[in-house]
>>> print(open('target37.tsv').read())   # TSV, N, CA and C atoms
chain	number	residue	atom	x	y	z
A	1	MET	N	196.03	159.44	145.10
A	1	MET	CA	195.65	160.67	145.76
A	1	MET	C	194.88	160.34	147.03
A	2	LYS	N	195.17	161.07	148.08
A	2	LYS	CA	194.48	160.84	149.36
A	2	LYS	C	193.61	162.03	149.70
A	3	THR	N	192.46	161.73	150.29
A	3	THR	CA	191.55	162.76	150.76
A	3	THR	C	191.10	162.34	152.15
A	4	GLY	N	191.41	163.14	153.14
A	4	GLY	CA	191.00	162.81	154.51
A	4	GLY	C	191.58	161.49	155.00
A	5	GLY	N	192.80	161.14	154.56
A	5	GLY	CA	193.44	159.94	155.06
A	5	GLY	C	193.06	158.65	154.34
A	6	VAL	N	192.10	158.73	153.42
A	6	VAL	CA	191.68	157.52	152.70
A	6	VAL	C	191.88	157.76	151.21
A	7	SER	N	192.52	156.80	150.54
A	7	SER	CA	192.78	156.97	149.11
A	7	SER	C	191.47	156.99	148.33
A	8	LEU	N	191.48	157.65	147.16
A	8	LEU	CA	190.28	157.73	146.33
A	8	LEU	C	189.81	156.35	145.90
A	9	ASN	N	190.74	155.43	145.63
A	9	ASN	CA	190.34	154.07	145.25
A	9	ASN	C	189.57	153.39	146.36
A	10	LYS	N	190.03	153.56	147.60
A	10	LYS	CA	189.33	152.95	148.73
A	10	LYS	C	187.96	153.59	148.92
A	11	ARG	N	187.88	154.91	148.74
A	11	ARG	CA	186.60	155.60	148.89
A	11	ARG	C	185.62	155.14	147.82
A	12	LYS	N	186.10	154.98	146.59
A	12	LYS	CA	185.23	154.51	145.51
A	12	LYS	C	184.76	153.09	145.80
A	13	ALA	N	185.66	152.26	146.30
A	13	ALA	CA	185.31	150.87	146.59
A	13	ALA	C	184.20	150.80	147.63
A	14	ILE	N	184.30	151.59	148.70
A	14	ILE	CA	183.28	151.53	149.74
A	14	ILE	C	181.99	152.16	149.24
A	15	PHE	N	182.08	153.18	148.40
A	15	PHE	CA	180.88	153.77	147.80
A	15	PHE	C	180.14	152.72	146.97
A	16	ASP	N	180.90	151.97	146.18
A	16	ASP	CA	180.30	150.92	145.35
A	16	ASP	C	179.62	149.86	146.21
A	17	VAL	N	180.18	149.58	147.38
A	17	VAL	CA	179.57	148.59	148.27
A	17	VAL	C	178.20	149.07	148.73
A	18	PHE	N	178.06	150.34	149.10
A	18	PHE	CA	176.82	150.82	149.68
A	18	PHE	C	175.72	151.13	148.72
A	19	PHE	N	176.05	151.38	147.52
A	19	PHE	CA	174.97	151.68	146.60
A	19	PHE	C	174.56	150.45	145.82
A	20	ARG	N	174.52	149.35	146.54
A	20	ARG	CA	173.92	148.10	146.09
A	20	ARG	C	172.88	147.75	147.15
A	21	GLU	N	171.87	147.03	146.73
A	21	GLU	CA	170.73	146.77	147.61
A	21	GLU	C	171.08	146.01	148.89
A	22	LYS	N	171.76	144.89	148.77
A	22	LYS	CA	172.01	144.03	149.94
A	22	LYS	C	172.85	144.73	151.02
A	23	PRO	N	173.97	145.36	150.67
A	23	PRO	CA	174.74	146.05	151.71
A	23	PRO	C	173.93	147.15	152.41
A	24	ALA	N	173.16	147.90	151.65
A	24	ALA	CA	172.34	148.95	152.25
A	24	ALA	C	171.33	148.33	153.21
A	25	MET	N	170.69	147.24	152.78
A	25	MET	CA	169.72	146.55	153.63
A	25	MET	C	170.39	146.03	154.90
A	26	MET	N	171.62	145.55	154.77
A	26	MET	CA	172.34	145.03	155.94
A	26	MET	C	172.52	146.11	156.99
A	27	LEU	N	172.95	147.29	156.56
A	27	LEU	CA	173.16	148.38	157.52
A	27	LEU	C	171.86	148.77	158.20
A	28	VAL	N	170.80	148.90	157.42
A	28	VAL	CA	169.51	149.29	157.98
A	28	VAL	C	169.00	148.22	158.96
A	29	GLU	N	169.14	146.95	158.60
A	29	GLU	CA	168.73	145.86	159.50
A	29	GLU	C	169.52	145.93	160.81
A	30	LEU	N	170.82	146.15	160.72
A	30	LEU	CA	171.64	146.25	161.94
A	30	LEU	C	171.20	147.43	162.80
A	31	LYS	N	170.89	148.54	162.16
A	31	LYS	CA	170.47	149.74	162.88
A	31	LYS	C	169.15	149.49	163.62
A	32	ASN	N	168.24	148.79	162.98
A	32	ASN	CA	166.90	148.59	163.55
A	32	ASN	C	166.77	147.34	164.41
A	33	ALA	N	167.82	146.58	164.55
A	33	ALA	CA	167.77	145.34	165.34
A	33	ALA	C	167.54	145.66	166.81
A	34	ASN	N	166.63	144.89	167.43
A	34	ASN	CA	166.42	145.10	168.87
A	34	ASN	C	166.96	143.92	169.67
A	35	ALA	N	167.81	143.12	169.04
A	35	ALA	CA	168.46	142.01	169.73
A	35	ALA	C	169.85	141.84	169.12
A	36	ASN	N	170.62	140.93	169.70
A	36	ASN	CA	171.94	140.64	169.15
A	36	ASN	C	171.82	140.10	167.74
A	37	VAL	N	172.71	140.56	166.86
A	37	VAL	CA	172.66	140.10	165.47
A	37	VAL	C	173.97	139.40	165.12
A	38	TYR	N	173.82	138.26	164.45
A	38	TYR	CA	174.96	137.49	163.96
A	38	TYR	C	174.88	137.49	162.44
A	39	ALA	N	175.99	137.18	161.79
A	39	ALA	CA	176.02	137.16	160.33
A	39	ALA	C	174.98	136.20	159.75
A	40	SER	N	174.81	135.03	160.38
A	40	SER	CA	173.86	134.05	159.85
A	40	SER	C	172.42	134.57	159.91
A	41	VAL	N	172.07	135.27	161.00
A	41	VAL	CA	170.74	135.85	161.15
A	41	VAL	C	170.54	136.94	160.11
A	42	LEU	N	171.54	137.77	159.94
A	42	LEU	CA	171.48	138.87	158.97
A	42	LEU	C	171.30	138.32	157.56
A	43	ALA	N	171.98	137.25	157.23
A	43	ALA	CA	171.87	136.63	155.90
A	43	ALA	C	170.42	136.21	155.64
A	44	LYS	N	169.78	135.61	156.65
A	44	LYS	CA	168.38	135.19	156.49
A	44	LYS	C	167.46	136.40	156.35
A	45	GLN	N	167.71	137.44	157.13
A	45	GLN	CA	166.85	138.62	157.11
A	45	GLN	C	166.85	139.30	155.74
A	46	ILE	N	167.98	139.31	155.07
A	46	ILE	CA	168.05	140.01	153.78
A	46	ILE	C	168.05	139.06	152.60
A	47	ASP	N	167.82	137.78	152.86
A	47	ASP	CA	167.75	136.76	151.82
A	47	ASP	C	169.02	136.73	150.97
A	48	CYS	N	170.11	136.44	151.64
A	48	CYS	CA	171.43	136.44	151.00
A	48	CYS	C	172.24	135.27	151.56
A	49	THR	N	173.24	134.82	150.82
A	49	THR	CA	174.05	133.72	151.33
A	49	THR	C	174.95	134.21	152.46
A	50	TYR	N	175.24	133.30	153.37
A	50	TYR	CA	176.09	133.60	154.51
A	50	TYR	C	177.46	134.10	154.04
A	51	SER	N	178.06	133.42	153.07
A	51	SER	CA	179.41	133.80	152.62
A	51	SER	C	179.43	135.20	152.01
A	52	HIS	N	178.37	135.56	151.29
A	52	HIS	CA	178.29	136.90	150.70
A	52	HIS	C	178.17	137.96	151.80
A	53	VAL	N	177.35	137.66	152.81
A	53	VAL	CA	177.17	138.59	153.93
A	53	VAL	C	178.49	138.80	154.66
A	54	VAL	N	179.23	137.73	154.92
A	54	VAL	CA	180.51	137.83	155.62
A	54	VAL	C	181.49	138.68	154.82
A	55	LYS	N	181.54	138.49	153.52
A	55	LYS	CA	182.44	139.27	152.66
A	55	LYS	C	182.10	140.77	152.74
A	56	ILE	N	180.83	141.10	152.69
A	56	ILE	CA	180.40	142.51	152.78
A	56	ILE	C	180.71	143.06	154.18
A	57	LEU	N	180.46	142.25	155.21
A	57	LEU	CA	180.73	142.70	156.58
A	57	LEU	C	182.22	143.00	156.78
A	58	GLN	N	183.08	142.22	156.16
A	58	GLN	CA	184.53	142.47	156.26
A	58	GLN	C	184.89	143.82	155.63
A	59	GLU	N	184.26	144.13	154.50
A	59	GLU	CA	184.48	145.44	153.87
A	59	GLU	C	183.97	146.57	154.76
A	60	MET	N	182.82	146.35	155.37
A	60	MET	CA	182.25	147.36	156.28
A	60	MET	C	183.14	147.57	157.50
A	61	GLN	N	183.75	146.48	157.97
A	61	GLN	CA	184.65	146.60	159.12
A	61	GLN	C	185.88	147.41	158.73
A	62	LYS	N	186.43	147.16	157.55
A	62	LYS	CA	187.60	147.93	157.08
A	62	LYS	C	187.27	149.41	156.97
A	63	ALA	N	186.01	149.72	156.61
A	63	ALA	CA	185.58	151.11	156.47
A	63	ALA	C	185.13	151.70	157.81
A	64	GLU	N	185.31	150.92	158.89
A	64	GLU	CA	184.97	151.34	160.25
A	64	GLU	C	183.49	151.66	160.42
A	65	LEU	N	182.63	150.83	159.81
A	65	LEU	CA	181.19	151.01	159.93
A	65	LEU	C	180.57	150.00	160.89
A	66	ILE	N	181.23	148.86	161.06
A	66	ILE	CA	180.75	147.85	162.00
A	66	ILE	C	181.93	147.30	162.80
A	67	ASN	N	181.60	146.69	163.91
A	67	ASN	CA	182.59	145.96	164.71
A	67	ASN	C	182.05	144.56	164.95
A	68	PHE	N	182.97	143.61	165.03
A	68	PHE	CA	182.61	142.26	165.44
A	68	PHE	C	182.93	142.18	166.92
A	69	LYS	N	181.97	141.77	167.71
A	69	LYS	CA	182.17	141.65	169.15
A	69	LYS	C	182.08	140.17	169.50
A	70	LYS	N	183.19	139.61	169.97
A	70	LYS	CA	183.24	138.17	170.28
A	70	LYS	C	182.58	137.91	171.62
A	71	GLU	N	181.64	136.97	171.61
A	71	GLU	CA	180.99	136.53	172.85
A	71	GLU	C	181.04	135.01	172.86
A	72	GLY	N	182.01	134.47	173.56
A	72	GLY	CA	182.22	133.02	173.52
A	72	GLY	C	182.66	132.62	172.12
A	73	ARG	N	181.91	131.70	171.52
A	73	ARG	CA	182.24	131.28	170.16
A	73	ARG	C	181.51	132.11	169.11
A	74	LEU	N	180.62	132.98	169.56
A	74	LEU	CA	179.80	133.77	168.65
A	74	LEU	C	180.42	135.13	168.36
A	75	LYS	N	180.17	135.63	167.15
A	75	LYS	CA	180.60	136.97	166.78
A	75	LYS	C	179.36	137.83	166.58
A	76	LEU	N	179.14	138.76	167.49
A	76	LEU	CA	178.02	139.69	167.37
A	76	LEU	C	178.43	140.84	166.47
A	77	LEU	N	177.45	141.42	165.81
A	77	LEU	CA	177.71	142.57	164.95
A	77	LEU	C	177.17	143.82	165.62
A	78	GLU	N	177.93	144.89	165.54
A	78	GLU	CA	177.43	146.16	166.05
A	78	GLU	C	177.91	147.29	165.16
A	79	LEU	N	177.02	148.26	164.95
A	79	LEU	CA	177.37	149.42	164.12
A	79	LEU	C	178.23	150.38	164.92
A	80	THR	N	179.16	151.03	164.25
A	80	THR	CA	179.92	152.11	164.87
A	80	THR	C	179.07	153.37	164.75
A	81	LYS	N	179.53	154.45	165.32
A	81	LYS	CA	178.80	155.72	165.21
A	81	LYS	C	178.64	156.09	163.73
A	82	LYS	N	179.72	155.96	162.98
A	82	LYS	CA	179.70	156.27	161.55
A	82	LYS	C	178.72	155.35	160.82
A	83	GLY	N	178.70	154.08	161.18
A	83	GLY	CA	177.78	153.12	160.57
A	83	GLY	C	176.33	153.47	160.84
A	84	LYS	N	176.03	153.91	162.07
A	84	LYS	CA	174.66	154.31	162.42
A	84	LYS	C	174.22	155.52	161.61
A	85	GLU	N	175.13	156.48	161.44
A	85	GLU	CA	174.81	157.68	160.67
A	85	GLU	C	174.49	157.32	159.22
A	86	ILE	N	175.31	156.47	158.64
A	86	ILE	CA	175.10	156.06	157.25
A	86	ILE	C	173.80	155.28	157.12
A	87	ALA	N	173.53	154.38	158.05
A	87	ALA	CA	172.28	153.60	158.02
A	87	ALA	C	171.07	154.53	158.10
A	88	SER	N	171.14	155.54	158.95
A	88	SER	CA	170.04	156.51	159.08
A	88	SER	C	169.84	157.26	157.77
A	89	ASN	N	170.93	157.65	157.14
A	89	ASN	CA	170.83	158.37	155.86
A	89	ASN	C	170.25	157.49	154.76
A	90	ILE	N	170.65	156.22	154.74
A	90	ILE	CA	170.09	155.29	153.74
A	90	ILE	C	168.60	155.14	153.97
A	91	GLU	N	168.20	155.03	155.23
A	91	GLU	CA	166.79	154.89	155.56
A	91	GLU	C	166.01	156.13	155.13
A	92	SER	N	166.59	157.30	155.35
A	92	SER	CA	165.95	158.55	154.94
A	92	SER	C	165.76	158.61	153.42
A	93	ILE	N	166.80	158.24	152.69
A	93	ILE	CA	166.72	158.25	151.23
A	93	ILE	C	165.65	157.27	150.76
A	94	LYS	N	165.61	156.09	151.38
A	94	LYS	CA	164.63	155.07	151.01
A	94	LYS	C	163.21	155.61	151.23
A	95	THR	N	162.99	156.33	152.34
A	95	THR	CA	161.68	156.88	152.64
A	95	THR	C	161.30	157.97	151.64
A	96	MET	N	162.28	158.75	151.23
A	96	MET	CA	162.01	159.81	150.26
A	96	MET	C	161.62	159.25	148.89
A	97	LEU	N	162.15	158.08	148.57
A	97	LEU	CA	161.84	157.46	147.28
A	97	LEU	C	160.48	156.81	147.37
>>> encode(input="target37.tsv", output="structure tokens")
Amino acid sequence: MKTGGVSLNKRKAIFDVFFREKPAMMLVELKNANANVYASVLAKQIDCTYSHVVKILQEMQKAELINFKKEGRLKLLELTKKGKEIASNIESIKTML
């Protein structure tokens, strides 16, 4: 079954990604970053392995929440408009708790 162009299985999968601590922290860190962010830096900030961070970032990219921006040999991370909105909502929920 499809809703708004995305199958229910895909929607459930991305929901499951965000309601875990590390992915939520990743989005909030990206939103609040005041410099260029790379996967390795993000991994250190949230105390997570690089490979786990990359796997989550790939899921976020598929859900159109982040983009990888190539700069030379480096891949910068940037939130999409949708990613920024979700990060803001996560931050709001965290503050309410």
>>> residues_around(input="target37.tsv", residues="region 49-52 of chain A", least_positions_apart="4", cutoff="6.5 Å", atoms="only N, CA and C atoms", output="list of chain:residue names")
A:Ala39, A:Ser40, A:Ala43, A:Ile56, A:Leu57
>>> write_last_selection(input="target37.tsv", atoms="N, CA and C atoms", output="compact mmCIF listing (two decimals), in the frame of the given file")
# COMPACT_ATOMS: atom_id res chain seq x y z
N ALA A 39 175.99 137.18 161.79
CA ALA A 39 176.02 137.16 160.33
C ALA A 39 174.98 136.20 159.75
N SER A 40 174.81 135.03 160.38
CA SER A 40 173.86 134.05 159.85
C SER A 40 172.42 134.57 159.91
N ALA A 43 171.98 137.25 157.23
CA ALA A 43 171.87 136.63 155.90
C ALA A 43 170.42 136.21 155.64
N ILE A 56 180.83 141.10 152.69
CA ILE A 56 180.40 142.51 152.78
C ILE A 56 180.71 143.06 154.18
N LEU A 57 180.46 142.25 155.21
CA LEU A 57 180.73 142.70 156.58
C LEU A 57 182.22 143.00 156.78
>>> atom_distance(input="target37.tsv", atom1="atom C of Lys22 (chain A)", atom2="atom C of Gly72 (chain A)")
26.2 Å
>>> atom_distance(input="target37.tsv", atom1="CA of Lys10 (chain A)", atom2="atom N of Ala63 (chain A)")
9.1 Å
>>> closest_residue(input="target37.tsv", among="A:Val37, A:Leu42, A:Val28, A:Val54", to="Ile90 (chain A)", atoms="all atoms listed in the file")
A:Val28
>>> residues_around(input="target37.tsv", residues="Leu79 (chain A)", least_positions_apart="5", cutoff="8 Å", atoms="all atoms listed in the file", output="list in words")
Leu27, Leu30, Lys31, Glu64, Leu65, Ile66, Asn67, Phe68, Lys84 and Glu85 of chain A
>>> write_last_selection(input="target37.tsv", atoms="N, CA and C atoms", output="PDB file, in the coordinates of the input")
ATOM      1  N   LEU A  27     172.950 147.290 156.560  1.00  0.00           N
ATOM      2  CA  LEU A  27     173.160 148.380 157.520  1.00  0.00           C
ATOM      3  C   LEU A  27     171.860 148.770 158.200  1.00  0.00           C
ATOM      4  N   LEU A  30     170.820 146.150 160.720  1.00  0.00           N
ATOM      5  CA  LEU A  30     171.640 146.250 161.940  1.00  0.00           C
ATOM      6  C   LEU A  30     171.200 147.430 162.800  1.00  0.00           C
ATOM      7  N   LYS A  31     170.890 148.540 162.160  1.00  0.00           N
ATOM      8  CA  LYS A  31     170.470 149.740 162.880  1.00  0.00           C
ATOM      9  C   LYS A  31     169.150 149.490 163.620  1.00  0.00           C
ATOM     10  N   GLU A  64     185.310 150.920 158.890  1.00  0.00           N
ATOM     11  CA  GLU A  64     184.970 151.340 160.250  1.00  0.00           C
ATOM     12  C   GLU A  64     183.490 151.660 160.420  1.00  0.00           C
ATOM     13  N   LEU A  65     182.630 150.830 159.810  1.00  0.00           N
ATOM     14  CA  LEU A  65     181.190 151.010 159.930  1.00  0.00           C
ATOM     15  C   LEU A  65     180.570 150.000 160.890  1.00  0.00           C
ATOM     16  N   ILE A  66     181.230 148.860 161.060  1.00  0.00           N
ATOM     17  CA  ILE A  66     180.750 147.850 162.000  1.00  0.00           C
ATOM     18  C   ILE A  66     181.930 147.300 162.800  1.00  0.00           C
ATOM     19  N   ASN A  67     181.600 146.690 163.910  1.00  0.00           N
ATOM     20  CA  ASN A  67     182.590 145.960 164.710  1.00  0.00           C
ATOM     21  C   ASN A  67     182.050 144.560 164.950  1.00  0.00           C
ATOM     22  N   PHE A  68     182.970 143.610 165.030  1.00  0.00           N
ATOM     23  CA  PHE A  68     182.610 142.260 165.440  1.00  0.00           C
ATOM     24  C   PHE A  68     182.930 142.180 166.920  1.00  0.00           C
ATOM     25  N   LYS A  84     176.030 153.910 162.070  1.00  0.00           N
ATOM     26  CA  LYS A  84     174.660 154.310 162.420  1.00  0.00           C
ATOM     27  C   LYS A  84     174.220 155.520 161.610  1.00  0.00           C
ATOM     28  N   GLU A  85     175.130 156.480 161.440  1.00  0.00           N
ATOM     29  CA  GLU A  85     174.810 157.680 160.670  1.00  0.00           C
ATOM     30  C   GLU A  85     174.490 157.320 159.220  1.00  0.00           C
TER      31      GLU A  85
END
>>> select_by_dssp(input="target37.tsv", residues="region 6-68 of chain A", states="strand (DSSP E or B)", output="ChimeraX atom specification")
/A:6-7,37,66-68
>>> closest_residue(input="target37.tsv", among="A:Val53, A:Leu77, A:Val41, A:Ile93", to="Pro23 (chain A)", atoms="only C-alpha atoms")
A:Val53
>>> closest_residue(input="target37.tsv", among="A:Leu74, A:Gln58, A:Asn9, A:Gln45", to="Met26 (chain A)", atoms="only N, CA and C atoms")
A:Gln45
>>> atom_distance(input="target37.tsv", atom1="CA of Lys82 (chain A)", atom2="atom C of Asp47 (chain A)")
24.7 Å
>>> select_by_dssp(input="target37.tsv", residues="chain A", states="helix (DSSP H, G or I)", output="short mmCIF file (atom, residue, chain, number, x, y, z; two decimals) with N, CA and C atoms, in the coordinates of the input")
data_model
loop_
_atom_site.label_atom_id
_atom_site.label_comp_id
_atom_site.auth_asym_id
_atom_site.auth_seq_id
_atom_site.Cartn_x
_atom_site.Cartn_y
_atom_site.Cartn_z
N LEU A 8 191.48 157.65 147.16
CA LEU A 8 190.28 157.73 146.33
C LEU A 8 189.81 156.35 145.90
N ASN A 9 190.74 155.43 145.63
CA ASN A 9 190.34 154.07 145.25
C ASN A 9 189.57 153.39 146.36
N LYS A 10 190.03 153.56 147.60
CA LYS A 10 189.33 152.95 148.73
C LYS A 10 187.96 153.59 148.92
N ARG A 11 187.88 154.91 148.74
CA ARG A 11 186.60 155.60 148.89
C ARG A 11 185.62 155.14 147.82
N LYS A 12 186.10 154.98 146.59
CA LYS A 12 185.23 154.51 145.51
C LYS A 12 184.76 153.09 145.80
N ALA A 13 185.66 152.26 146.30
CA ALA A 13 185.31 150.87 146.59
C ALA A 13 184.20 150.80 147.63
N ILE A 14 184.30 151.59 148.70
CA ILE A 14 183.28 151.53 149.74
C ILE A 14 181.99 152.16 149.24
N PHE A 15 182.08 153.18 148.40
CA PHE A 15 180.88 153.77 147.80
C PHE A 15 180.14 152.72 146.97
N ASP A 16 180.90 151.97 146.18
CA ASP A 16 180.30 150.92 145.35
C ASP A 16 179.62 149.86 146.21
N VAL A 17 180.18 149.58 147.38
CA VAL A 17 179.57 148.59 148.27
C VAL A 17 178.20 149.07 148.73
N PHE A 18 178.06 150.34 149.10
CA PHE A 18 176.82 150.82 149.68
C PHE A 18 175.72 151.13 148.72
N GLU A 21 171.87 147.03 146.73
CA GLU A 21 170.73 146.77 147.61
C GLU A 21 171.08 146.01 148.89
N LYS A 22 171.76 144.89 148.77
CA LYS A 22 172.01 144.03 149.94
C LYS A 22 172.85 144.73 151.02
N PRO A 23 173.97 145.36 150.67
CA PRO A 23 174.74 146.05 151.71
C PRO A 23 173.93 147.15 152.41
N ALA A 24 173.16 147.90 151.65
CA ALA A 24 172.34 148.95 152.25
C ALA A 24 171.33 148.33 153.21
N MET A 25 170.69 147.24 152.78
CA MET A 25 169.72 146.55 153.63
C MET A 25 170.39 146.03 154.90
N MET A 26 171.62 145.55 154.77
CA MET A 26 172.34 145.03 155.94
C MET A 26 172.52 146.11 156.99
N LEU A 27 172.95 147.29 156.56
CA LEU A 27 173.16 148.38 157.52
C LEU A 27 171.86 148.77 158.20
N VAL A 28 170.80 148.90 157.42
CA VAL A 28 169.51 149.29 157.98
C VAL A 28 169.00 148.22 158.96
N GLU A 29 169.14 146.95 158.60
CA GLU A 29 168.73 145.86 159.50
C GLU A 29 169.52 145.93 160.81
N LEU A 30 170.82 146.15 160.72
CA LEU A 30 171.64 146.25 161.94
C LEU A 30 171.20 147.43 162.80
N LYS A 31 170.89 148.54 162.16
CA LYS A 31 170.47 149.74 162.88
C LYS A 31 169.15 149.49 163.62
N ASN A 32 168.24 148.79 162.98
CA ASN A 32 166.90 148.59 163.55
C ASN A 32 166.77 147.34 164.41
N ALA A 39 175.99 137.18 161.79
CA ALA A 39 176.02 137.16 160.33
C ALA A 39 174.98 136.20 159.75
N SER A 40 174.81 135.03 160.38
CA SER A 40 173.86 134.05 159.85
C SER A 40 172.42 134.57 159.91
N VAL A 41 172.07 135.27 161.00
CA VAL A 41 170.74 135.85 161.15
C VAL A 41 170.54 136.94 160.11
N LEU A 42 171.54 137.77 159.94
CA LEU A 42 171.48 138.87 158.97
C LEU A 42 171.30 138.32 157.56
N ALA A 43 171.98 137.25 157.23
CA ALA A 43 171.87 136.63 155.90
C ALA A 43 170.42 136.21 155.64
N LYS A 44 169.78 135.61 156.65
CA LYS A 44 168.38 135.19 156.49
C LYS A 44 167.46 136.40 156.35
N GLN A 45 167.71 137.44 157.13
CA GLN A 45 166.85 138.62 157.11
C GLN A 45 166.85 139.30 155.74
N TYR A 50 175.24 133.30 153.37
CA TYR A 50 176.09 133.60 154.51
C TYR A 50 177.46 134.10 154.04
N SER A 51 178.06 133.42 153.07
CA SER A 51 179.41 133.80 152.62
C SER A 51 179.43 135.20 152.01
N HIS A 52 178.37 135.56 151.29
CA HIS A 52 178.29 136.90 150.70
C HIS A 52 178.17 137.96 151.80
N VAL A 53 177.35 137.66 152.81
CA VAL A 53 177.17 138.59 153.93
C VAL A 53 178.49 138.80 154.66
N VAL A 54 179.23 137.73 154.92
CA VAL A 54 180.51 137.83 155.62
C VAL A 54 181.49 138.68 154.82
N LYS A 55 181.54 138.49 153.52
CA LYS A 55 182.44 139.27 152.66
C LYS A 55 182.10 140.77 152.74
N ILE A 56 180.83 141.10 152.69
CA ILE A 56 180.40 142.51 152.78
C ILE A 56 180.71 143.06 154.18
N LEU A 57 180.46 142.25 155.21
CA LEU A 57 180.73 142.70 156.58
C LEU A 57 182.22 143.00 156.78
N GLN A 58 183.08 142.22 156.16
CA GLN A 58 184.53 142.47 156.26
C GLN A 58 184.89 143.82 155.63
N GLU A 59 184.26 144.13 154.50
CA GLU A 59 184.48 145.44 153.87
C GLU A 59 183.97 146.57 154.76
N MET A 60 182.82 146.35 155.37
CA MET A 60 182.25 147.36 156.28
C MET A 60 183.14 147.57 157.50
N GLN A 61 183.75 146.48 157.97
CA GLN A 61 184.65 146.60 159.12
C GLN A 61 185.88 147.41 158.73
N LYS A 62 186.43 147.16 157.55
CA LYS A 62 187.60 147.93 157.08
C LYS A 62 187.27 149.41 156.97
N LYS A 81 179.53 154.45 165.32
CA LYS A 81 178.80 155.72 165.21
C LYS A 81 178.64 156.09 163.73
N LYS A 82 179.72 155.96 162.98
CA LYS A 82 179.70 156.27 161.55
C LYS A 82 178.72 155.35 160.82
N GLY A 83 178.70 154.08 161.18
CA GLY A 83 177.78 153.12 160.57
C GLY A 83 176.33 153.47 160.84
N LYS A 84 176.03 153.91 162.07
CA LYS A 84 174.66 154.31 162.42
C LYS A 84 174.22 155.52 161.61
N GLU A 85 175.13 156.48 161.44
CA GLU A 85 174.81 157.68 160.67
C GLU A 85 174.49 157.32 159.22
N ILE A 86 175.31 156.47 158.64
CA ILE A 86 175.10 156.06 157.25
C ILE A 86 173.80 155.28 157.12
N ALA A 87 173.53 154.38 158.05
CA ALA A 87 172.28 153.60 158.02
C ALA A 87 171.07 154.53 158.10
N SER A 88 171.14 155.54 158.95
CA SER A 88 170.04 156.51 159.08
C SER A 88 169.84 157.26 157.77
N ASN A 89 170.93 157.65 157.14
CA ASN A 89 170.83 158.37 155.86
C ASN A 89 170.25 157.49 154.76
N ILE A 90 170.65 156.22 154.74
CA ILE A 90 170.09 155.29 153.74
C ILE A 90 168.60 155.14 153.97
N GLU A 91 168.20 155.03 155.23
CA GLU A 91 166.79 154.89 155.56
C GLU A 91 166.01 156.13 155.13
N SER A 92 166.59 157.30 155.35
CA SER A 92 165.95 158.55 154.94
C SER A 92 165.76 158.61 153.42
N ILE A 93 166.80 158.24 152.69
CA ILE A 93 166.72 158.25 151.23
C ILE A 93 165.65 157.27 150.76
N LYS A 94 165.61 156.09 151.38
CA LYS A 94 164.63 155.07 151.01
C LYS A 94 163.21 155.61 151.23
N THR A 95 162.99 156.33 152.34
CA THR A 95 161.68 156.88 152.64
C THR A 95 161.30 157.97 151.64
N MET A 96 162.28 158.75 151.23
CA MET A 96 162.01 159.81 150.26
C MET A 96 161.62 159.25 148.89
#
